[in-house]
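Following: one structure in structure tokens, then a few remarks.
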Number of protein chains: 2
Amino acid sequence: MTLKEIAKIAGVSIATVSYALNDSDKVSDSVKKKILKIAEEGNYQPDKRAQSLRTGRTKLIGILTEDISFVFTSSIIQGVYKFAEENNYHVVLSDTRLKQRIGSHYENTKVYKDDINKQIDFLEGYHVDGIIYIGCHDRDISGIVKTNKPIVYTYCFTDSKDDYMVLYDNVKSAYNVTQYLIENGHKRIGLIRGPEMSNPSNERFLGYQMALMENRIPLDLTYVMTGDWSYKTGYEEAMKLLSLKERPTAVFALNDYMAMGVMEAATKLSIKVPEELSIVGFDDIEICGFSKPKLSSVTVPVEDMGYLSATMLHKICTCPEEISDKKVILPCEMVLRDSVTKNKGL
Amino acid sequence: MTLKEIAKIAGVSIATVSYALNDSDKVSDSVKKKILKIAEEGNYQPDKRAQSLRTGRTKLIGILTEDISFVFTSSIIQGVYKFAEENNYHVVLSDTRLKQRIGSHYENTKVYKDDINKQIDFLEGYHVDGIIYIGCHDRDISGIVKTNKPIVYTYCFTDSKDDYMVLYDNVKSAYNVTQYLIENGHKRIGLIRGPEMSNPSNERFLGYQMALMENRIPLDLTYVMTGDWSYKTGYEEAMKLLSLKERPTAVFALNDYMAMGVMEAATKLSIKVPEELSIVGFDDIEICGFSKPKLSSVTVPVEDMGYLSATMLHKICTCPEEISDKKVILPCEMVLRDSVTKNKGL
DNA sequence: CCCTTTTAGTGAAAGGTTTAACTAACATAT
DNA sequence: ATATGTTAGTTAAACCTTTCACTAAAAGGG
């Protein structure tokens with residue numbers, strides 16, 4: 001049903017119908033009521049294409065994900081939806097399927113620049129007011145995305161000071177975990193990092209070092225191993241760590257999968273967790289609640305990241321002058337479960 | 001950049017530009033080349049609103065999810081995307097946030113009929129060619145969704161013969177699991193069902209019974225417990241089951257969370273898994289690979305469900321006569337891990 | 001009762017695209 | 001030389017909405 005049809009039935013002009021439906025006072029109450037009734041009965045829905053074609057405004061947020069299946073992606077989207085619903089926005093989703101294309105060889109992101117921009121063009125075709133880019137990995141994606149629409153990056157980052165980003169605090173979070181372990185009497189704290197090139201890994205490593213330093217525990221690189229985020233490398237590196245003559249009393253794995261690997265290694269070597277070895281992971285994925293013992297970890301506030309990304313986008317579109325900082329960095333929370341105890345062998 | 005602008009630069013009419021860009025032979029090669037170059041340089045993108053306003057076709061699939069955070073939702077969406085990409089469709093996503101609104105009190109779905117239809121109206125506002133409805137629970141949603149666009153339901157169902165649905169085979173899958181346990185020498189096979197009203201639960205229960213019957217094992221309801229899909233009830237019901245004087249040698253929990261609860265109960269009662277108790281779950285969620293022992297389960301082909309839903313929608317739009325059956329039922333696959341062994345106490 | 005203001009409505013353009021119908025120029029066939 | 005066909009375009013309408021500019025009638029003021 002269109003304005004034209006309603007106009008015909010009501011015996012008035014198209015303009016009058018439009019005014020009536022937009023509750024203008026150019027239309028008498030009686031006519032307005034009549035038109036509204038017809039529209040109601042015909043289940044009239046304004047054509048958004050025509051509307052936005054005319055007005056230039058769409059109230060449409062475009063989301064571009066690198067991997068819709070990535071655990072956190074859907075939670076971030078949900079945060080965006082929450083904002084959208086509260087503020088009468090709508091959402092169009094597009095997926096680069098980047099992860100499917102390139103597996104974990106994130107070095108090659110640039111090769112897929114064109115694919116990403118194809119999706120951007122698609123979103124622009126819908127005249128989104130702006131774009132939220134949801135990443136899923138640890139590489140800098142500077143200079144990849146080309147658009148002159150406003151864009152907010154979340155769960156990823158660029159090296160540009162001018163880009164809008166919603167991030168979480170890797171440094172502080174890792175600092176907190178390390179501090180927590182130290183407070184529990186641990187001094188030999190093993191660390192299993194992510195890949196060398198990974199920014200989150202490096203930031204978390206930094207936090208670890210800061211906590212050590214603050215407690216005057218010298219950094220000992222024999223306790224620092226490097227994995228690739230996988231369960232398997234977590235296991236392997238933990239085996240090395242736990243075979244040292246002076247083995248660590250606690251291990252901080254920089255993500256949960258590797259932490260699960262550490263747990264497996266401990267089991268293998270008949271080292272009791274947490275009595276003889278405390279373990280902490282990062283990300284707080286679902287399995288943390290099901291391992292034995294349950295794994296302490298760090299929750300990333302993903303839904304908030306989505307919500308804040310949308311909030312920021314809205315501000316960029318409506319009142320850019322009110323944005324004090326282009327980067328928002330959210331704190332994470334430690335989730336204390338059963339994989340840590342006080343170090344008795346102190 | 002618009003056709004008009006290109007036309008001005010090229011010194012031809014708008015129509016010519018349109019024809020040129022659509023590679024019509026109404027335009028000479030030289031002019032065509034010139035126009036293409038200008039379009040390229042100006043990074044021309046056709047305005048989808050205007051295009052579809054004119055043509056009536058959108059090549060746009062609307063997805064309506066009940067819960068974007070539900071584990072399987074994103075995998076289903078991914079399947080839809082796969083089809084979309086291969087067939088030059090695009091996707092608009094909308095979320096009813098049903099789960100957030102009503103928690104697990106799915107009885108009240110009908111109360112949210114209006115909310116759901118608000119989202120449907122939204123999708124219709126974008127003139128999607130059709131809608132894929134992705135559920136996340138076990139209730140019949142007949143008569144909830146109102147639209148005259150084609151709609152395909154997946155991971156949910158209605159009682160109408162006329163609705164298009166892409167489902168998976170609960171009966172057969174549960175039959176297979178039970179059969180597998182029987183083949184491993186188990187006769188006392190405990191079952192932990194989902195809620196009484198749950199359709200998947202009932203179907204799986206049916207499969208269980210069919211396998212028993214086929215093997216002339218009488219159904220003994222003392223071995224059939226009812227949970228609510230949660231870890232907690234899995235644990236509680238398993239405690240009852242394992243405290244029977246003749247306790248089951250195997251337990252089939254109708255989802256993985258409850259199966260994890262069963263495992264916990266076994267640990268609590270010092271019953272070794274799988275030596276003294278075999279366990280199988282359903283859904284094959286991530287934690288299955290991380291429990292000890294790893295949980296055998298059933299994989300639901302969620303990505304395929306998404307892909308096939310999109311395929312079906314496409315067929316409905318283009319060649320409805322070729323659709324032989326409005327319901328597609330996909331088989332599931334058992335994933336054999338470490339939680340089952342041959343029953344020695346036979 | 002005339003002039004001004006308000007009310008209630010209409011007409012038409014605009015936004016970007018596609019496409020049927022038309023035209024002018026030229027080439028080919030008779 | 002005339003008729004026919006082809007080529008390479010153009011014009012204009014249509015899709016649906018919003019909104020500026022306009023008008024006719026009614027109401028209000030003196």
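How things are named: the first chain in the structure tokens is A, the next is B, and so on; residues count from 1 in each chain; ligands count from 1 in the order shown.
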
*Can you pull out every residue within 12 Å of segment 22-26 of chain C, counting only C-alpha atoms (C1' of nucleotides), but drop anything in the same chain fewer than 3 positions away, and send it as a VMD selection string?*
chain D and resid 5 to 12

Based on the selection just made, write N, CA and C atoms (P, O5', C5', C4', C3', O3' and C1' of nucleotides) of those residues as a compact mmCIF listing (two decimals), in the first residue's frame.
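This is the output file result_19.txt:
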# COMPACT_ATOMS: atom_id res chain seq x y z
P DG D 5 12.18 -3.44 -42.84
O5' DG D 5 13.67 -3.14 -42.36
C5' DG D 5 14.76 -3.43 -43.25
C4' DG D 5 16.08 -3.18 -42.54
C3' DG D 5 16.06 -3.43 -41.04
O3' DG D 5 17.24 -4.16 -40.71
C1' DG D 5 16.75 -1.19 -41.47
P DT D 6 17.49 -4.66 -39.25
O5' DT D 6 18.61 -3.63 -38.81
C5' DT D 6 19.79 -3.51 -39.62
C4' DT D 6 20.63 -2.37 -39.09
C3' DT D 6 20.93 -2.46 -37.60
O3' DT D 6 22.34 -2.46 -37.44
C1' DT D 6 20.24 -0.26 -38.23
P DT D 7 23.02 -2.67 -36.03
O5' DT D 7 23.42 -1.17 -35.67
C5' DT D 7 24.07 -0.36 -36.66
C4' DT D 7 24.26 1.03 -36.12
C3' DT D 7 24.66 1.09 -34.65
O3' DT D 7 25.78 1.96 -34.55
C1' DT D 7 22.80 2.49 -35.03
P DA D 8 26.54 2.13 -33.21
O5' DA D 8 25.83 3.42 -32.62
C5' DA D 8 26.06 4.69 -33.24
C4' DA D 8 25.33 5.72 -32.43
C3' DA D 8 25.59 5.63 -30.93
O3' DA D 8 25.73 6.94 -30.39
C1' DA D 8 23.30 5.55 -31.35
P DG D 9 26.62 7.14 -29.07
O5' DG D 9 25.73 7.78 -27.94
C5' DG D 9 24.38 7.42 -27.74
C4' DG D 9 23.47 8.48 -28.30
C3' DG D 9 22.60 9.12 -27.24
O3' DG D 9 23.06 10.40 -26.93
C1' DG D 9 21.28 8.20 -29.02
P DT D 10 22.46 11.14 -25.65
O5' DT D 10 20.95 11.43 -26.04
C5' DT D 10 20.65 12.40 -27.03
C4' DT D 10 19.14 12.62 -27.05
C3' DT D 10 18.57 13.16 -25.73
O3' DT D 10 17.70 14.24 -26.03
C1' DT D 10 17.46 11.15 -26.34
P DT D 11 17.25 15.17 -24.81
O5' DT D 11 15.69 14.85 -24.68
C5' DT D 11 15.07 14.01 -25.64
C4' DT D 11 13.61 13.81 -25.29
C3' DT D 11 13.10 14.45 -24.02
O3' DT D 11 11.74 14.80 -24.22
C1' DT D 11 12.98 12.11 -23.82
P DA D 12 10.92 15.59 -23.12
O5' DA D 12 10.17 14.40 -22.37
C5' DA D 12 9.47 13.42 -23.14
C4' DA D 12 8.90 12.38 -22.20
C3' DA D 12 8.42 12.93 -20.86
O3' DA D 12 7.28 12.18 -20.50
C1' DA D 12 10.02 11.30 -20.46

*Please identify all polymer residues within 9 Å of segment 57-73 of chain A, counting only C-alpha atoms (C1' of nucleotides), omitting same-chain residues fewer than 3 positions from it, and present them as a PyMOL selection string.*
(chain A and resi 48-49+51-54+76-78+80+84+88-100+116+119-120+123-124+126-137+155+285+302-303+310+313-314) or (chain B and resi 69+71+73-75+77-78)

The selected residues should be written to file as a PDB file, in the first residue's frame (atoms: C-alpha atoms).
ATOM      1  CA  LYS A  48      12.128   3.310   3.362  1.00  0.00           C
ATOM      2  CA  ARG A  49      13.889   3.510   0.041  1.00  0.00           C
ATOM      3  CA  GLN A  51      11.753   7.999   2.176  1.00  0.00           C
ATOM      4  CA  SER A  52      15.478   8.104   2.480  1.00  0.00           C
ATOM      5  CA  LEU A  53      15.919   8.862  -1.179  1.00  0.00           C
ATOM      6  CA  ARG A  54      13.958  11.973  -0.510  1.00  0.00           C
ATOM      7  CA  ILE A  76      29.060  -6.961  20.086  1.00  0.00           C
ATOM      8  CA  ILE A  77      26.275  -6.891  17.528  1.00  0.00           C
ATOM      9  CA  GLN A  78      23.818  -7.346  20.309  1.00  0.00           C
ATOM     10  CA  VAL A  80      24.736  -2.327  18.789  1.00  0.00           C
ATOM     11  CA  ALA A  84      19.665   0.920  17.846  1.00  0.00           C
ATOM     12  CA  ASN A  88      15.265   4.260  16.648  1.00  0.00           C
ATOM     13  CA  TYR A  89      18.079   3.181  14.385  1.00  0.00           C
ATOM     14  CA  HIS A  90      18.137   0.146  12.188  1.00  0.00           C
ATOM     15  CA  VAL A  91      20.987  -2.112  11.317  1.00  0.00           C
ATOM     16  CA  VAL A  92      22.342  -3.647   8.148  1.00  0.00           C
ATOM     17  CA  LEU A  93      24.880  -6.364   8.509  1.00  0.00           C
ATOM     18  CA  SER A  94      27.631  -7.365   6.191  1.00  0.00           C
ATOM     19  CA  ASP A  95      30.319  -9.945   6.650  1.00  0.00           C
ATOM     20  CA  THR A  96      33.722  -9.927   4.997  1.00  0.00           C
ATOM     21  CA  ARG A  97      34.125 -13.625   5.727  1.00  0.00           C
ATOM     22  CA  LEU A  98      37.729 -12.681   6.138  1.00  0.00           C
ATOM     23  CA  LYS A  99      38.498 -15.486   8.522  1.00  0.00           C
ATOM     24  CA  GLN A 100      37.084 -18.107   6.194  1.00  0.00           C
ATOM     25  CA  ILE A 116      36.496  -5.684   2.421  1.00  0.00           C
ATOM     26  CA  GLN A 119      31.330  -4.967   1.435  1.00  0.00           C
ATOM     27  CA  ILE A 120      31.803  -1.350   2.377  1.00  0.00           C
ATOM     28  CA  LEU A 123      26.758  -0.853   2.885  1.00  0.00           C
ATOM     29  CA  GLU A 124      27.164   2.512   1.253  1.00  0.00           C
ATOM     30  CA  TYR A 126      22.171   1.317   1.477  1.00  0.00           C
ATOM     31  CA  HIS A 127      23.237   4.760   2.491  1.00  0.00           C
ATOM     32  CA  VAL A 128      24.026   3.815   6.036  1.00  0.00           C
ATOM     33  CA  ASP A 129      24.689   6.792   8.248  1.00  0.00           C
ATOM     34  CA  GLY A 130      27.896   5.174   9.395  1.00  0.00           C
ATOM     35  CA  ILE A 131      29.730   1.910   9.803  1.00  0.00           C
ATOM     36  CA  ILE A 132      30.844  -0.157  12.765  1.00  0.00           C
ATOM     37  CA  TYR A 133      33.719  -2.433  11.896  1.00  0.00           C
ATOM     38  CA  ILE A 134      33.973  -5.470  14.134  1.00  0.00           C
ATOM     39  CA  GLY A 135      37.308  -7.246  13.954  1.00  0.00           C
ATOM     40  CA  CYS A 136      38.261 -10.634  15.267  1.00  0.00           C
ATOM     41  CA  HIS A 137      42.010 -10.744  15.314  1.00  0.00           C
ATOM     42  CA  TYR A 155      37.657  -5.343  18.612  1.00  0.00           C
ATOM     43  CA  ILE A 285      34.769 -17.952  27.095  1.00  0.00           C
ATOM     44  CA  VAL A 302      31.901  -7.075  24.487  1.00  0.00           C
ATOM     45  CA  GLU A 303      28.275  -6.071  24.632  1.00  0.00           C
ATOM     46  CA  ALA A 310      26.888   2.702  18.222  1.00  0.00           C
ATOM     47  CA  LEU A 313      28.657   6.637  15.693  1.00  0.00           C
ATOM     48  CA  HIS A 314      25.492   8.433  16.618  1.00  0.00           C
TER      49      HIS A 314
ATOM     50  CA  SER B  69      23.652 -14.470  20.727  1.00  0.00           C
ATOM     51  CA  VAL B  71      25.243 -20.295  19.785  1.00  0.00           C
ATOM     52  CA  THR B  73      22.386 -18.401  15.233  1.00  0.00           C
ATOM     53  CA  SER B  74      25.642 -17.055  13.889  1.00  0.00           C
ATOM     54  CA  SER B  75      26.478 -20.319  12.176  1.00  0.00           C
ATOM     55  CA  ILE B  77      23.609 -16.794   9.375  1.00  0.00           C
ATOM     56  CA  GLN B  78      26.958 -17.756   8.011  1.00  0.00           C
TER      57      GLN B  78
END

Hey, could you make a per-residue contact list for chain A against chain D with 12 Å as the cut-off, showing the nearest pair of atoms and its distance in Å to one decimal, counting only C-alpha atoms (C1' of nucleotides), sorted by chain and number, as CSV?
residue,atom,partner,partner_atom,distance
A:Met1,CA,D:DC16,C1',10.4
A:Thr2,CA,D:DC16,C1',7.2
A:Leu3,CA,D:DC16,C1',7.6
A:Lys4,CA,D:DC16,C1',8.4
A:Glu5,CA,D:DC16,C1',11.0
A:Ile14,CA,D:DT17,C1',9.5
A:Ala15,CA,D:DT18,C1',8.3
A:Thr16,CA,D:DT18,C1',11.1
A:Val17,CA,D:DT17,C1',10.8
A:Ser18,CA,D:DT18,C1',7.6
A:Tyr19,CA,D:DT18,C1',8.8
A:Leu21,CA,D:DT18,C1',11.5
A:Asn22,CA,D:DT18,C1',10.0
A:Ser24,CA,D:DT19,C1',11.6
A:Gln45,CA,D:DC16,C1',11.3
A:Pro46,CA,D:DT17,C1',8.1
A:Asp47,CA,D:DC16,C1',6.7
A:Lys48,CA,D:DT17,C1',8.7
A:Arg49,CA,D:DC16,C1',8.1
A:Ala50,CA,D:DC16,C1',5.0
A:Gln51,CA,D:DT17,C1',5.0
A:Ser52,CA,D:DT17,C1',8.2
A:Leu53,CA,D:DT17,C1',7.9
A:Arg54,CA,D:DT18,C1',6.2
A:Thr55,CA,D:DT18,C1',7.0
A:Gly56,CA,D:DT18,C1',10.6
A:Arg57,CA,D:DT18,C1',11.9

Please produce an output containing N, CA and C atoms for each residue in the selection, written as a CSV table (one decimal), in the first residue's frame.
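Contents of result04.csv, freshly written:
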chain,number,residue,atom,x,y,z
A,1,MET,N,0.8,-1.2,0.0
A,1,MET,CA,0.0,0.0,0.0
A,1,MET,C,0.9,1.3,0.0
A,2,THR,N,0.5,2.2,-0.9
A,2,THR,CA,1.3,3.4,-1.0
A,2,THR,C,0.5,4.6,-0.7
A,3,LEU,N,1.1,5.8,-0.6
A,3,LEU,CA,0.4,7.0,-0.4
A,3,LEU,C,-0.6,7.2,-1.4
A,4,LYS,N,-0.2,6.9,-2.6
A,4,LYS,CA,-1.1,7.1,-3.8
A,4,LYS,C,-2.4,6.4,-3.6
A,5,GLU,N,-2.3,5.1,-3.2
A,5,GLU,CA,-3.5,4.3,-3.0
A,5,GLU,C,-4.4,4.9,-1.9
A,14,ILE,N,-2.0,13.2,-2.6
A,14,ILE,CA,-0.9,12.5,-2.0
A,14,ILE,C,-0.3,13.3,-0.9
A,15,ALA,N,-0.1,14.6,-1.2
A,15,ALA,CA,0.5,15.4,-0.2
A,15,ALA,C,-0.2,15.4,1.1
A,16,THR,N,-1.5,15.5,1.0
A,16,THR,CA,-2.3,15.5,2.2
A,16,THR,C,-2.1,14.3,3.1
A,17,VAL,N,-2.1,13.1,2.3
A,17,VAL,CA,-1.9,11.9,3.0
A,17,VAL,C,-0.5,11.9,3.7
A,18,SER,N,0.5,12.3,3.0
A,18,SER,CA,1.8,12.4,3.6
A,18,SER,C,1.8,13.3,4.9
A,19,TYR,N,1.2,14.4,4.8
A,19,TYR,CA,1.1,15.3,5.9
A,19,TYR,C,0.4,14.7,7.1
A,21,LEU,N,0.0,11.5,7.7
A,21,LEU,CA,0.7,10.4,8.4
A,21,LEU,C,1.9,11.0,9.2
A,22,ASN,N,2.4,12.1,8.8
A,22,ASN,CA,3.5,12.7,9.6
A,22,ASN,C,2.9,13.7,10.6
A,24,SER,N,1.1,16.3,10.6
A,24,SER,CA,1.3,17.7,10.4
A,24,SER,C,0.0,18.4,10.8
A,45,GLN,N,2.9,0.6,5.2
A,45,GLN,CA,4.3,0.8,5.7
A,45,GLN,C,5.0,1.7,4.7
A,46,PRO,N,5.5,2.8,5.2
A,46,PRO,CA,6.3,3.7,4.3
A,46,PRO,C,7.4,3.0,3.7
A,47,ASP,N,7.7,3.3,2.4
A,47,ASP,CA,8.8,2.7,1.7
A,47,ASP,C,10.1,3.4,2.1
A,48,LYS,N,10.9,2.7,2.8
A,48,LYS,CA,12.1,3.3,3.4
A,48,LYS,C,13.1,3.8,2.3
A,49,ARG,N,13.0,3.1,1.1
A,49,ARG,CA,13.9,3.5,0.0
A,49,ARG,C,13.5,4.9,-0.4
A,50,ALA,N,12.2,5.0,-0.7
A,50,ALA,CA,11.7,6.3,-1.2
A,50,ALA,C,11.9,7.4,-0.1
A,51,GLN,N,11.6,7.0,1.1
A,51,GLN,CA,11.8,8.0,2.2
A,51,GLN,C,13.2,8.6,2.2
A,52,SER,N,14.1,7.6,2.3
A,52,SER,CA,15.5,8.1,2.5
A,52,SER,C,16.0,8.7,1.2
A,53,LEU,N,15.5,8.3,0.1
A,53,LEU,CA,15.9,8.9,-1.2
A,53,LEU,C,15.6,10.3,-1.1
A,54,ARG,N,14.4,10.6,-0.6
A,54,ARG,CA,14.0,12.0,-0.5
A,54,ARG,C,14.7,12.8,0.6
A,55,THR,N,14.7,12.2,1.8
A,55,THR,CA,15.2,12.9,2.9
A,55,THR,C,16.8,12.9,3.1
A,56,GLY,N,17.4,11.9,2.5
A,56,GLY,CA,18.8,11.9,2.6
A,56,GLY,C,19.3,11.2,4.0
A,57,ARG,N,18.3,11.1,4.9
A,57,ARG,CA,18.6,10.5,6.1
A,57,ARG,C,18.2,9.0,6.1

*Would you mind writing down, as an MDAnalysis selection string, each residue of segment 7-203 of chain A that DSSP on the backbone assigns to strand (DSSP E)?*
chainID A and resid 60:65 90:95 130:134 151:154 164:168 189:193

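In chain C, the set of residues within 12 Å of chain B (atoms considered: only C-alpha atoms (C1' of nucleotides)) is DG15, DG16, DT17, DT18, DT19 and DA20 of chain C.
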
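Here atom CA of Ile287 of chain B is placed at a distance of 8.2 Å from atom CA of Asp256 of chain B.
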
*Write out as a PyMOL selection string all residues of segment 137-304 of chain A that backbone DSSP assigns to alpha helix (DSSP H).*
chain A and resi 170-183+199-214+231-242+256-268+302-304

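Residue nearest chain A, chosen from B:Ala259, B:Val300, B:Leu308, B:Cys332 and counting only C-alpha atoms: B:Ala259.
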
_With only C-alpha atoms (C1' of nucleotides) as the counted atoms, please give the residues lying no more than 8 Å from Asp140 of chain A, apart from itself and same-chain residues fewer than 3 positions off, as a VMD selection string._
chain A and resid 156 to 159 199

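Residues within 8 Å of Lys294 of chain A, counting only C-alpha atoms (C1' of nucleotides) and excluding same-chain residues fewer than 4 positions away, are A:Cys288, A:Gly289, A:Phe290, A:Arg337, A:Asp338, A:Ser339.
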
Go ahead and save the picked residues with C-alpha atoms, as a PDB file, in the first residue's frame.
ATOM      1  CA  CYS A 288      35.911 -21.647  31.648  1.00  0.00           C
ATOM      2  CA  GLY A 289      32.848 -22.602  33.628  1.00  0.00           C
ATOM      3  CA  PHE A 290      33.102 -26.265  32.668  1.00  0.00           C
ATOM      4  CA  ARG A 337      36.779 -19.148  39.844  1.00  0.00           C
ATOM      5  CA  ASP A 338      38.635 -22.151  41.204  1.00  0.00           C
ATOM      6  CA  SER A 339      41.943 -22.303  39.385  1.00  0.00           C
TER       7      SER A 339
END

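Atom CA of Asp284 of chain A is positioned 18.3 Å from atom CA of Lys232 of chain A.
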
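Of the residues under consideration (A:Gly227, A:Pro150, A:Pro293, A:Gly125), A:Gly125 shows the shortest atom-to-atom contact distance to chain B when counting only C-alpha atoms.
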
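Remark: for chain A, the closest of the candidate residues B:Tyr164, B:Tyr307, B:Tyr257, B:Tyr223 is B:Tyr257 (distances computed over only C-alpha atoms).
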
*With only C-alpha atoms as the atoms that count, which of B:Met334, B:Leu206, B:Leu254, B:Met263 lies nearest to chain A?*
B:Met263

*State, in Å with one decimal place, the distance from atom CA of Thr147 of chain A to atom CA of Asp169 of chain A.*
27.4 Å

*asked:* Applying 10 Å and only C-alpha atoms (C1' of nucleotides), which residues near Met312 of chain A remain after dropping the ones on its own chain fewer than 5 positions away? List them as a count of residues only.
replied: 17
